[in-house]
Each structure stands twice: as structure tokens, then as C-alpha cells.
file upload_31.csv (CSV, N, CA and C atoms)
chain,number,residue,atom,x,y,z
D,1,MET,N,-11.8,-12.2,26.1
D,1,MET,CA,-12.3,-12.4,24.8
D,1,MET,C,-11.5,-11.6,23.7
D,2,LEU,N,-11.0,-12.3,22.7
D,2,LEU,CA,-10.2,-11.7,21.7
D,2,LEU,C,-11.1,-11.1,20.6
D,3,ASP,N,-10.9,-9.9,20.1
D,3,ASP,CA,-11.7,-9.4,19.1
D,3,ASP,C,-10.7,-9.1,17.9
D,4,ALA,N,-10.9,-9.8,16.8
D,4,ALA,CA,-10.0,-9.7,15.6
D,4,ALA,C,-10.4,-8.4,14.8
D,5,LYS,N,-11.5,-7.8,15.1
D,5,LYS,CA,-12.0,-6.6,14.4
D,5,LYS,C,-12.1,-6.8,12.9
D,6,ILE,N,-12.6,-8.0,12.5
D,6,ILE,CA,-12.7,-8.3,11.1
D,6,ILE,C,-13.9,-7.5,10.5
D,7,PRO,N,-13.7,-6.8,9.4
D,7,PRO,CA,-14.8,-6.0,8.8
D,7,PRO,C,-15.9,-6.9,8.4
D,8,SER,N,-17.1,-6.2,8.4
D,8,SER,CA,-18.3,-7.0,8.0
D,8,SER,C,-18.4,-7.1,6.5
D,9,GLY,N,-19.3,-8.0,6.0
D,9,GLY,CA,-19.5,-8.1,4.6
D,9,GLY,C,-18.9,-9.4,4.1
D,10,THR,N,-19.0,-9.6,2.8
D,10,THR,CA,-18.4,-10.7,2.1
D,10,THR,C,-16.9,-10.6,2.1
D,11,LEU,N,-16.2,-11.7,1.9
D,11,LEU,CA,-14.8,-11.7,1.8
D,11,LEU,C,-14.2,-10.7,0.8
D,12,LYS,N,-14.9,-10.7,-0.4
D,12,LYS,CA,-14.5,-9.8,-1.5
D,12,LYS,C,-14.6,-8.3,-1.1
D,13,ASP,N,-15.5,-8.0,-0.3
D,13,ASP,CA,-15.8,-6.6,0.0
D,13,ASP,C,-15.2,-6.1,1.4
D,14,LYS,N,-14.5,-7.0,2.1
D,14,LYS,CA,-14.0,-6.6,3.4
D,14,LYS,C,-13.1,-5.4,3.4
D,15,TRP,N,-12.2,-5.3,2.5
D,15,TRP,CA,-11.2,-4.2,2.4
D,15,TRP,C,-11.9,-2.9,2.1
D,16,THR,N,-12.9,-2.9,1.2
D,16,THR,CA,-13.6,-1.7,0.8
D,16,THR,C,-14.5,-1.3,2.0
D,17,ASN,N,-15.1,-2.2,2.7
D,17,ASN,CA,-15.9,-1.9,3.9
D,17,ASN,C,-15.0,-1.3,5.0
D,18,HIS,N,-13.9,-1.9,5.2
D,18,HIS,CA,-12.9,-1.4,6.2
D,18,HIS,C,-12.5,0.1,5.9
D,19,LYS,N,-12.2,0.4,4.7
D,19,LYS,CA,-11.8,1.8,4.4
D,19,LYS,C,-13.0,2.7,4.5
D,20,PHE,N,-14.2,2.3,4.2
D,20,PHE,CA,-15.3,3.1,4.3
D,20,PHE,C,-15.7,3.4,5.8
D,21,ASN,N,-15.6,2.4,6.7
D,21,ASN,CA,-16.0,2.6,8.0
D,21,ASN,C,-14.9,3.0,9.0
D,22,LEU,N,-13.7,3.3,8.5
D,22,LEU,CA,-12.5,3.7,9.3
D,22,LEU,C,-12.8,4.9,10.1
D,23,ARG,N,-12.5,4.9,11.4
D,23,ARG,CA,-12.7,6.0,12.2
D,23,ARG,C,-11.5,7.0,12.0
D,24,LEU,N,-11.8,8.2,11.8
D,24,LEU,CA,-10.7,9.2,11.6
D,24,LEU,C,-10.4,10.0,12.8
D,25,VAL,N,-9.2,10.5,12.9
D,25,VAL,CA,-8.8,11.4,14.0
D,25,VAL,C,-9.0,12.9,13.5
D,26,ASN,N,-9.6,13.7,14.3
D,26,ASN,CA,-9.8,15.1,14.0
D,26,ASN,C,-8.5,15.7,13.7
D,27,PRO,N,-8.4,16.5,12.7
D,27,PRO,CA,-7.1,17.2,12.3
D,27,PRO,C,-6.5,18.0,13.5
D,28,ALA,N,-7.4,18.6,14.3
D,28,ALA,CA,-6.9,19.4,15.4
D,28,ALA,C,-6.3,18.6,16.5
D,29,ASN,N,-6.6,17.3,16.6
D,29,ASN,CA,-6.1,16.4,17.6
D,29,ASN,C,-4.8,15.6,17.1
D,30,ARG,N,-4.5,15.7,15.8
D,30,ARG,CA,-3.4,14.8,15.3
D,30,ARG,C,-2.1,15.2,15.9
D,31,ARG,N,-1.9,16.5,16.2
D,31,ARG,CA,-0.6,16.9,16.8
D,31,ARG,C,-0.4,16.3,18.2
D,32,LYS,N,-1.4,15.8,18.8
D,32,LYS,CA,-1.3,15.3,20.2
D,32,LYS,C,-0.7,13.8,20.1
D,33,TYR,N,-0.7,13.2,19.0
D,33,TYR,CA,-0.3,11.8,18.9
D,33,TYR,C,1.2,11.8,18.4
D,34,HIS,N,1.9,10.9,19.0
D,34,HIS,CA,3.3,10.7,18.6
D,34,HIS,C,3.4,9.3,18.0
D,35,VAL,N,3.9,9.2,16.8
D,35,VAL,CA,4.0,7.9,16.1
D,35,VAL,C,5.4,7.5,15.9
D,36,ILE,N,5.8,6.3,16.2
D,36,ILE,CA,7.2,5.8,16.0
D,36,ILE,C,7.1,4.8,14.8
D,37,VAL,N,8.0,5.1,13.9
D,37,VAL,CA,8.1,4.2,12.7
D,37,VAL,C,9.5,3.6,12.7
D,38,VAL,N,9.5,2.3,12.7
D,38,VAL,CA,10.8,1.6,12.7
D,38,VAL,C,11.1,1.1,11.3
D,39,GLY,N,12.2,1.5,10.7
D,39,GLY,CA,12.5,1.1,9.4
D,39,GLY,C,12.3,2.3,8.4
D,40,THR,N,13.2,2.4,7.5
D,40,THR,CA,13.0,3.5,6.5
D,40,THR,C,13.1,3.0,5.1
D,41,GLY,N,12.6,1.8,4.9
D,41,GLY,CA,12.4,1.3,3.5
D,41,GLY,C,11.2,2.0,2.9
D,42,LEU,N,10.7,1.4,1.8
D,42,LEU,CA,9.6,2.1,1.1
D,42,LEU,C,8.3,2.1,2.0
D,43,ALA,N,8.1,1.0,2.8
D,43,ALA,CA,6.9,1.0,3.6
D,43,ALA,C,7.1,2.0,4.8
D,44,GLY,N,8.2,1.9,5.5
D,44,GLY,CA,8.4,2.8,6.6
D,44,GLY,C,8.5,4.3,6.2
D,45,GLY,N,9.2,4.5,5.1
D,45,GLY,CA,9.3,5.9,4.6
D,45,GLY,C,8.0,6.5,4.2
D,46,SER,N,7.2,5.6,3.5
D,46,SER,CA,5.9,6.0,3.1
D,46,SER,C,5.0,6.3,4.3
D,47,ALA,N,5.0,5.5,5.3
D,47,ALA,CA,4.2,5.7,6.4
D,47,ALA,C,4.6,6.9,7.2
D,48,ALA,N,5.9,7.1,7.3
D,48,ALA,CA,6.3,8.3,8.1
D,48,ALA,C,6.0,9.6,7.3
D,49,ALA,N,6.2,9.6,6.0
D,49,ALA,CA,5.9,10.8,5.2
D,49,ALA,C,4.4,11.1,5.2
D,50,SER,N,3.6,10.1,5.0
D,50,SER,CA,2.1,10.3,5.0
D,50,SER,C,1.6,10.7,6.3
D,51,LEU,N,2.0,10.2,7.4
D,51,LEU,CA,1.6,10.6,8.7
D,51,LEU,C,2.0,12.0,9.1
D,52,ALA,N,3.3,12.3,8.7
D,52,ALA,CA,3.7,13.7,8.9
D,52,ALA,C,3.0,14.7,8.1
D,53,GLU,N,2.6,14.4,6.9
D,53,GLU,CA,1.8,15.3,6.1
D,53,GLU,C,0.4,15.5,6.7
D,54,LEU,N,-0.1,14.5,7.4
D,54,LEU,CA,-1.4,14.6,8.0
D,54,LEU,C,-1.4,15.4,9.3
D,55,GLY,N,-0.2,15.6,9.8
D,55,GLY,CA,-0.1,16.4,11.0
D,55,GLY,C,0.3,15.7,12.3
D,56,TYR,N,0.7,14.4,12.2
D,56,TYR,CA,1.1,13.7,13.4
D,56,TYR,C,2.6,14.0,13.7
D,57,ASN,N,3.0,13.9,14.9
D,57,ASN,CA,4.4,13.9,15.3
D,57,ASN,C,5.0,12.6,15.0
D,58,VAL,N,6.0,12.5,14.2
D,58,VAL,CA,6.6,11.2,13.7
D,58,VAL,C,8.0,11.2,14.1
D,59,LYS,N,8.4,10.1,14.7
D,59,LYS,CA,9.8,9.8,14.9
D,59,LYS,C,10.2,8.5,14.1
D,60,VAL,N,11.3,8.6,13.4
D,60,VAL,CA,11.7,7.5,12.5
D,60,VAL,C,13.0,6.9,13.0
D,61,PHE,N,13.1,5.6,13.1
D,61,PHE,CA,14.3,4.9,13.5
D,61,PHE,C,14.7,4.0,12.4
D,62,CYS,N,16.0,4.1,12.0
D,62,CYS,CA,16.5,3.1,11.0
D,62,CYS,C,17.7,2.4,11.6
D,63,LEU,N,18.0,1.2,11.2
D,63,LEU,CA,19.1,0.4,11.7
D,63,LEU,C,20.3,0.6,10.8
D,64,GLN,N,20.2,1.2,9.7
D,64,GLN,CA,21.4,1.3,8.8
D,64,GLN,C,22.1,2.6,9.2
D,65,ASP,N,23.2,2.9,8.5
D,65,ASP,CA,23.9,4.2,8.8
D,65,ASP,C,23.1,5.4,8.2
D,66,SER,N,22.2,5.1,7.2
D,66,SER,CA,21.5,6.1,6.5
D,66,SER,C,20.2,5.5,6.0
D,67,PRO,N,19.1,6.3,6.0
D,67,PRO,CA,17.8,5.8,5.5
D,67,PRO,C,17.9,5.4,4.0
D,68,ARG,N,18.9,6.0,3.3
D,68,ARG,CA,19.0,5.6,1.9
D,68,ARG,C,19.6,4.2,1.6
D,69,ARG,N,20.0,3.5,2.7
D,69,ARG,CA,20.6,2.2,2.6
D,69,ARG,C,19.6,1.1,2.9
D,70,ALA,N,18.3,1.4,2.9
D,70,ALA,CA,17.3,0.5,3.1
D,70,ALA,C,17.3,-0.6,2.0
D,71,HIS,N,16.8,-1.8,2.4
D,71,HIS,CA,16.8,-2.9,1.5
D,71,HIS,C,15.7,-2.8,0.4
D,72,SER,N,14.8,-1.9,0.5
D,72,SER,CA,13.8,-1.8,-0.6
D,72,SER,C,14.4,-1.4,-1.9
D,73,ILE,N,15.5,-0.7,-1.9
D,73,ILE,CA,16.2,-0.3,-3.1
D,73,ILE,C,16.8,-1.5,-3.8
D,74,ALA,N,17.2,-2.5,-3.0
D,74,ALA,CA,17.9,-3.7,-3.6
D,74,ALA,C,17.0,-4.9,-3.8
D,75,ALA,N,15.7,-4.7,-3.6
D,75,ALA,CA,14.7,-5.8,-3.7
D,75,ALA,C,14.7,-6.3,-5.1
D,76,GLN,N,14.5,-7.6,-5.2
D,76,GLN,CA,14.5,-8.2,-6.6
D,76,GLN,C,13.1,-8.6,-7.0
D,77,GLY,N,12.1,-8.2,-6.2
D,77,GLY,CA,10.7,-8.6,-6.5
D,77,GLY,C,10.2,-7.6,-7.5
D,78,GLY,N,8.9,-7.6,-7.7
D,78,GLY,CA,8.2,-6.7,-8.6
D,78,GLY,C,6.8,-6.4,-8.1
D,79,ILE,N,6.2,-5.6,-8.8
D,79,ILE,CA,4.8,-5.2,-8.5
D,79,ILE,C,4.0,-5.3,-9.8
D,80,ASN,N,2.8,-5.8,-9.8
D,80,ASN,CA,2.0,-5.9,-10.9
D,80,ASN,C,0.9,-4.8,-11.0
D,81,ALA,N,1.2,-3.8,-11.8
D,81,ALA,CA,0.3,-2.6,-11.8
D,81,ALA,C,-0.1,-2.2,-13.2
D,82,PRO,N,-1.4,-1.9,-13.3
D,82,PRO,CA,-1.9,-1.4,-14.7
D,82,PRO,C,-1.6,0.0,-14.9
D,83,LEU,N,-0.4,0.3,-15.4
D,83,LEU,CA,0.0,1.7,-15.6
D,83,LEU,C,-0.4,2.3,-17.0
D,84,THR,N,-0.9,1.4,-17.9
D,84,THR,CA,-1.3,1.8,-19.3
D,84,THR,C,-0.2,2.7,-19.9
D,85,ASN,N,1.1,2.4,-19.7
D,85,ASN,CA,2.1,3.1,-20.4
D,85,ASN,C,2.8,2.4,-21.5
D,86,ASN,N,2.3,1.2,-21.8
D,86,ASN,CA,2.8,0.4,-22.9
D,86,ASN,C,1.9,0.5,-24.1
D,87,PRO,N,2.3,1.1,-25.2
D,87,PRO,CA,1.4,1.3,-26.4
D,87,PRO,C,0.9,0.0,-27.0
D,88,ASP,N,1.6,-1.1,-26.8
D,88,ASP,CA,1.1,-2.4,-27.4
D,88,ASP,C,0.0,-3.0,-26.5
D,89,SER,N,-0.1,-2.6,-25.3
D,89,SER,CA,-1.1,-3.2,-24.4
D,89,SER,C,-2.3,-2.3,-24.3
D,90,ARG,N,-3.3,-2.6,-25.0
D,90,ARG,CA,-4.6,-1.8,-25.0
D,90,ARG,C,-5.5,-2.3,-23.9
D,91,ASP,N,-5.4,-3.5,-23.5
D,91,ASP,CA,-6.3,-4.0,-22.5
D,91,ASP,C,-5.6,-4.1,-21.1
D,92,ASP,N,-4.9,-3.2,-20.8
D,92,ASP,CA,-4.2,-3.1,-19.5
D,92,ASP,C,-5.1,-2.8,-18.4
D,93,SER,N,-5.5,-3.7,-17.5
D,93,SER,CA,-6.4,-3.4,-16.5
D,93,SER,C,-6.0,-4.2,-15.2
D,94,TRP,N,-6.6,-3.8,-14.1
D,94,TRP,CA,-6.2,-4.5,-12.8
D,94,TRP,C,-6.8,-5.9,-12.8
D,95,GLU,N,-7.9,-6.2,-13.6
D,95,GLU,CA,-8.4,-7.5,-13.6
D,95,GLU,C,-7.4,-8.5,-14.3
D,96,LYS,N,-6.8,-8.0,-15.4
D,96,LYS,CA,-5.8,-8.8,-16.1
D,96,LYS,C,-4.6,-9.0,-15.3
D,97,HIS,N,-4.1,-8.0,-14.5
D,97,HIS,CA,-3.0,-8.1,-13.7
D,97,HIS,C,-3.2,-9.1,-12.5
D,98,THR,N,-4.5,-9.0,-12.0
D,98,THR,CA,-4.8,-10.0,-10.9
D,98,THR,C,-4.8,-11.4,-11.4
D,99,PHE,N,-5.3,-11.6,-12.6
D,99,PHE,CA,-5.3,-13.0,-13.2
D,99,PHE,C,-3.8,-13.4,-13.4
D,100,ASP,N,-3.0,-12.5,-13.9
D,100,ASP,CA,-1.5,-12.9,-14.1
D,100,ASP,C,-0.8,-13.2,-12.8
D,101,THR,N,-1.2,-12.4,-11.7
D,101,THR,CA,-0.5,-12.6,-10.4
D,101,THR,C,-0.9,-14.0,-9.8
D,102,VAL,N,-2.2,-14.3,-9.9
D,102,VAL,CA,-2.7,-15.5,-9.3
D,102,VAL,C,-2.2,-16.7,-10.2
D,103,LYS,N,-2.2,-16.6,-11.5
D,103,LYS,CA,-1.7,-17.7,-12.3
D,103,LYS,C,-0.2,-17.9,-12.1
D,104,GLY,N,0.5,-16.8,-12.0
D,104,GLY,CA,2.0,-16.9,-11.8
D,104,GLY,C,2.3,-17.5,-10.5
D,105,SER,N,1.4,-17.5,-9.5
D,105,SER,CA,1.6,-18.2,-8.2
D,105,SER,C,1.1,-19.6,-8.2
D,106,ASP,N,0.8,-20.1,-9.4
D,106,ASP,CA,0.2,-21.5,-9.5
D,106,ASP,C,-1.1,-21.6,-8.6
D,107,TYR,N,-1.8,-20.5,-8.6
D,107,TYR,CA,-3.1,-20.4,-7.9
D,107,TYR,C,-3.0,-20.7,-6.4
D,108,LEU,N,-1.8,-20.4,-5.8
D,108,LEU,CA,-1.6,-20.5,-4.4
D,108,LEU,C,-1.7,-19.2,-3.7
D,109,ALA,N,-1.7,-18.1,-4.4
D,109,ALA,CA,-1.8,-16.8,-3.8
D,109,ALA,C,-3.2,-16.5,-3.3
D,110,ASP,N,-3.3,-15.7,-2.3
D,110,ASP,CA,-4.5,-15.3,-1.7
D,110,ASP,C,-5.2,-14.4,-2.8
D,111,GLN,N,-6.2,-14.9,-3.5
D,111,GLN,CA,-6.8,-14.2,-4.6
D,111,GLN,C,-7.4,-12.8,-4.3
D,112,ASP,N,-8.0,-12.7,-3.1
D,112,ASP,CA,-8.6,-11.4,-2.7
D,112,ASP,C,-7.4,-10.4,-2.5
D,113,ALA,N,-6.3,-10.9,-1.8
D,113,ALA,CA,-5.2,-9.9,-1.6
D,113,ALA,C,-4.6,-9.5,-2.9
D,114,ALA,N,-4.5,-10.5,-3.8
D,114,ALA,CA,-3.9,-10.1,-5.2
D,114,ALA,C,-4.8,-9.1,-5.9
D,115,GLU,N,-6.1,-9.3,-5.7
D,115,GLU,CA,-7.0,-8.3,-6.4
D,115,GLU,C,-6.8,-6.9,-5.8
D,116,ILE,N,-6.7,-6.8,-4.5
D,116,ILE,CA,-6.6,-5.5,-3.8
D,116,ILE,C,-5.3,-4.9,-4.2
D,117,MET,N,-4.2,-5.7,-4.2
D,117,MET,CA,-2.9,-5.2,-4.6
D,117,MET,C,-2.9,-4.6,-6.0
D,118,CYS,N,-3.5,-5.4,-7.0
D,118,CYS,CA,-3.5,-4.9,-8.4
D,118,CYS,C,-4.4,-3.7,-8.6
D,119,ARG,N,-5.5,-3.7,-7.8
D,119,ARG,CA,-6.5,-2.6,-8.0
D,119,ARG,C,-5.9,-1.3,-7.5
D,120,GLU,N,-5.1,-1.3,-6.4
D,120,GLU,CA,-4.6,-0.1,-5.8
D,120,GLU,C,-3.1,0.2,-6.1
D,121,ALA,N,-2.5,-0.6,-7.0
D,121,ALA,CA,-1.0,-0.5,-7.2
D,121,ALA,C,-0.6,0.7,-8.0
D,122,ALA,N,-1.4,1.1,-9.0
D,122,ALA,CA,-1.0,2.1,-10.0
D,122,ALA,C,-0.6,3.5,-9.3
D,123,PRO,N,-1.5,4.0,-8.4
D,123,PRO,CA,-1.1,5.3,-7.8
D,123,PRO,C,0.1,5.1,-6.9
D,124,ILE,N,0.3,4.0,-6.3
D,124,ILE,CA,1.4,3.7,-5.4
D,124,ILE,C,2.7,3.7,-6.1
D,125,VAL,N,2.7,3.0,-7.3
D,125,VAL,CA,3.9,3.0,-8.2
D,125,VAL,C,4.3,4.4,-8.6
D,126,TYR,N,3.3,5.2,-9.0
D,126,TYR,CA,3.6,6.5,-9.4
D,126,TYR,C,4.2,7.4,-8.2
D,127,GLU,N,3.6,7.1,-7.1
D,127,GLU,CA,4.2,7.8,-5.9
D,127,GLU,C,5.6,7.4,-5.6
D,128,MET,N,5.9,6.1,-5.6
D,128,MET,CA,7.2,5.7,-5.4
D,128,MET,C,8.2,6.2,-6.5
D,129,GLU,N,7.7,6.3,-7.7
D,129,GLU,CA,8.6,6.8,-8.8
D,129,GLU,C,8.9,8.3,-8.5
D,130,HIS,N,8.0,9.0,-8.0
D,130,HIS,CA,8.2,10.4,-7.7
D,130,HIS,C,9.2,10.6,-6.5
D,131,TRP,N,9.3,9.6,-5.7
D,131,TRP,CA,10.2,9.6,-4.6
D,131,TRP,C,11.7,9.3,-5.1
D,132,GLY,N,11.7,8.8,-6.3
D,132,GLY,CA,13.0,8.4,-6.8
D,132,GLY,C,13.4,6.9,-6.8
D,133,CYS,N,12.4,6.1,-6.5
D,133,CYS,CA,12.6,4.7,-6.4
D,133,CYS,C,12.8,4.1,-7.8
D,134,PRO,N,13.9,3.4,-8.0
D,134,PRO,CA,14.2,2.9,-9.4
D,134,PRO,C,13.3,1.7,-9.7
D,135,PHE,N,12.7,1.7,-10.9
D,135,PHE,CA,11.9,0.6,-11.4
D,135,PHE,C,12.5,0.1,-12.7
call {"tool": "encode", "arguments": {"input": "upload_31.csv", "output": "C-alpha cells"}}
result
Amino acid sequence: MLDAKIPSGTLKDKWTNHKFNLRLVNPANRRKYHVIVVGTGLAGGSAAASLAELGYNVKVFCLQDSPRRAHSIAAQGGINAPLTNNPDSRDDSWEKHTFDTVKGSDYLADQDAAEIMCREAAPIVYEMEHWGCPF
């Protein structure tokens, strides 16, 4: 029997319920776990740094000659985040960015995923900026 481990609740609240009910590892036991991260782009680098800060033993493998040559630096995409750093934009909110993201995708985007991305994007953008990621 396959168990997808889908969080309970309505579709809109599944991500919030999942974060609230997540089982945590005791900080004293984290050093017993060894985590392997493959790739050193923004996602792999973020995962490795976060897990290492929490106390896990982390091994990182990259396919390039250096982690600085990851393709995240050369990505041509963007992220829609309410940073409220534009003085002309007084109504900068995650709701407006979610609408823009869904409308820009011709309403083909997963609207719940777009909402989660826009709601949680601002602190992630600031974190990546502190790492030196060019925007």
C-alpha cells in the first residue's frame, strides 16, 4: 500500500498544516545523521548551509569544477516577491504578486503553489541577496 503522506485539511491549508505538524529531530541527535546534497546551486547550497547550521553532518557534491559555477547564477527566470522597496508601489503585497503570477501564466499555473511561493518569497530573496546572488 502506497502512502503519499498528503497533509490533512483543505487544499489551501495543506502547506501550513504540513509545516505545523512536521516532526522535528532532537538537536542532540542531529549529529548522528549524515546528509548528502547533490548540486551546489541556490537550492543545494541553501539546503546544505541550513542543515549544517542545524547541526547535521553534511556532504556536498557538485558536478562542476567549483560550486561557484552552478547554473543558478546564469538563470534567466525571476521570482515574484513583495519586497516593498519601490517607493511608487504602496500596495505591494503577496496577494498582488500571486495574482500577477497566475495571470502571467495565463491561469495555467498551480494557484495554490503560486500563493505559497509569493507568500514566502521575501525572506528567501533577502537571504539569497546576503549570499551574494545577483538580482
call {"tool": "closest_residue", "arguments": {"input": "upload_31.csv", "among": "D:Val35, D:Ala109, D:Leu24, D:Ala81", "to": "His97 of chain D", "atoms": "all atoms listed in the file"}}
result
D:Ala81
call {"tool": "select_by_dssp", "arguments": {"input": "upload_31.csv", "residues": "chain D", "states": "alpha helix (DSSP H)", "output": "ChimeraX atom specification"}}
result
/D:14-20,42-54,94-104,111-131
call {"tool": "atom_distance", "arguments": {"input": "upload_31.csv", "atom1": "atom C of Trp15 of chain D", "atom2": "atom N of Ile116 of chain D"}}
result
9.3 Å
call {"tool": "closest_residue", "arguments": {"input": "upload_31.csv", "among": "D:Leu51, D:Asp110, D:His18, D:Val58", "to": "His34 of chain D", "atoms": "only C-alpha atoms"}}
result
D:Val58
call {"tool": "atom_distance", "arguments": {"input": "upload_31.csv", "atom1": "atom C of Gly41 of chain D", "atom2": "atom N of Ala113 of chain D"}}
result
22.2 Å
call {"tool": "atom_distance", "arguments": {"input": "upload_31.csv", "atom1": "atom CA of Lys5 of chain D", "atom2": "atom CA of Ala48 of chain D"}}
result
24.4 Å
call {"tool": "select_by_dssp", "arguments": {"input": "upload_31.csv", "residues": "segment 17-127 of chain D", "states": "strand (DSSP E or B)", "output": "NGL selection string"}}
result
:D and (34-38 or 57-61)
call {"tool": "residues_around", "arguments": {"input": "upload_31.csv", "residues": "Ala122 of chain D", "least_positions_apart": "4", "cutoff": "6 Å", "atoms": "all atoms listed in the file", "output": "NGL selection string"}}
result
:D and (81-83 or 118 or 126-127)
call {"tool": "closest_residue", "arguments": {"input": "upload_31.csv", "among": "D:Met1, D:Glu120, D:Asn57, D:Leu11", "to": "Lys32 of chain D", "atoms": "only N, CA and C atoms"}}
result
D:Asn57
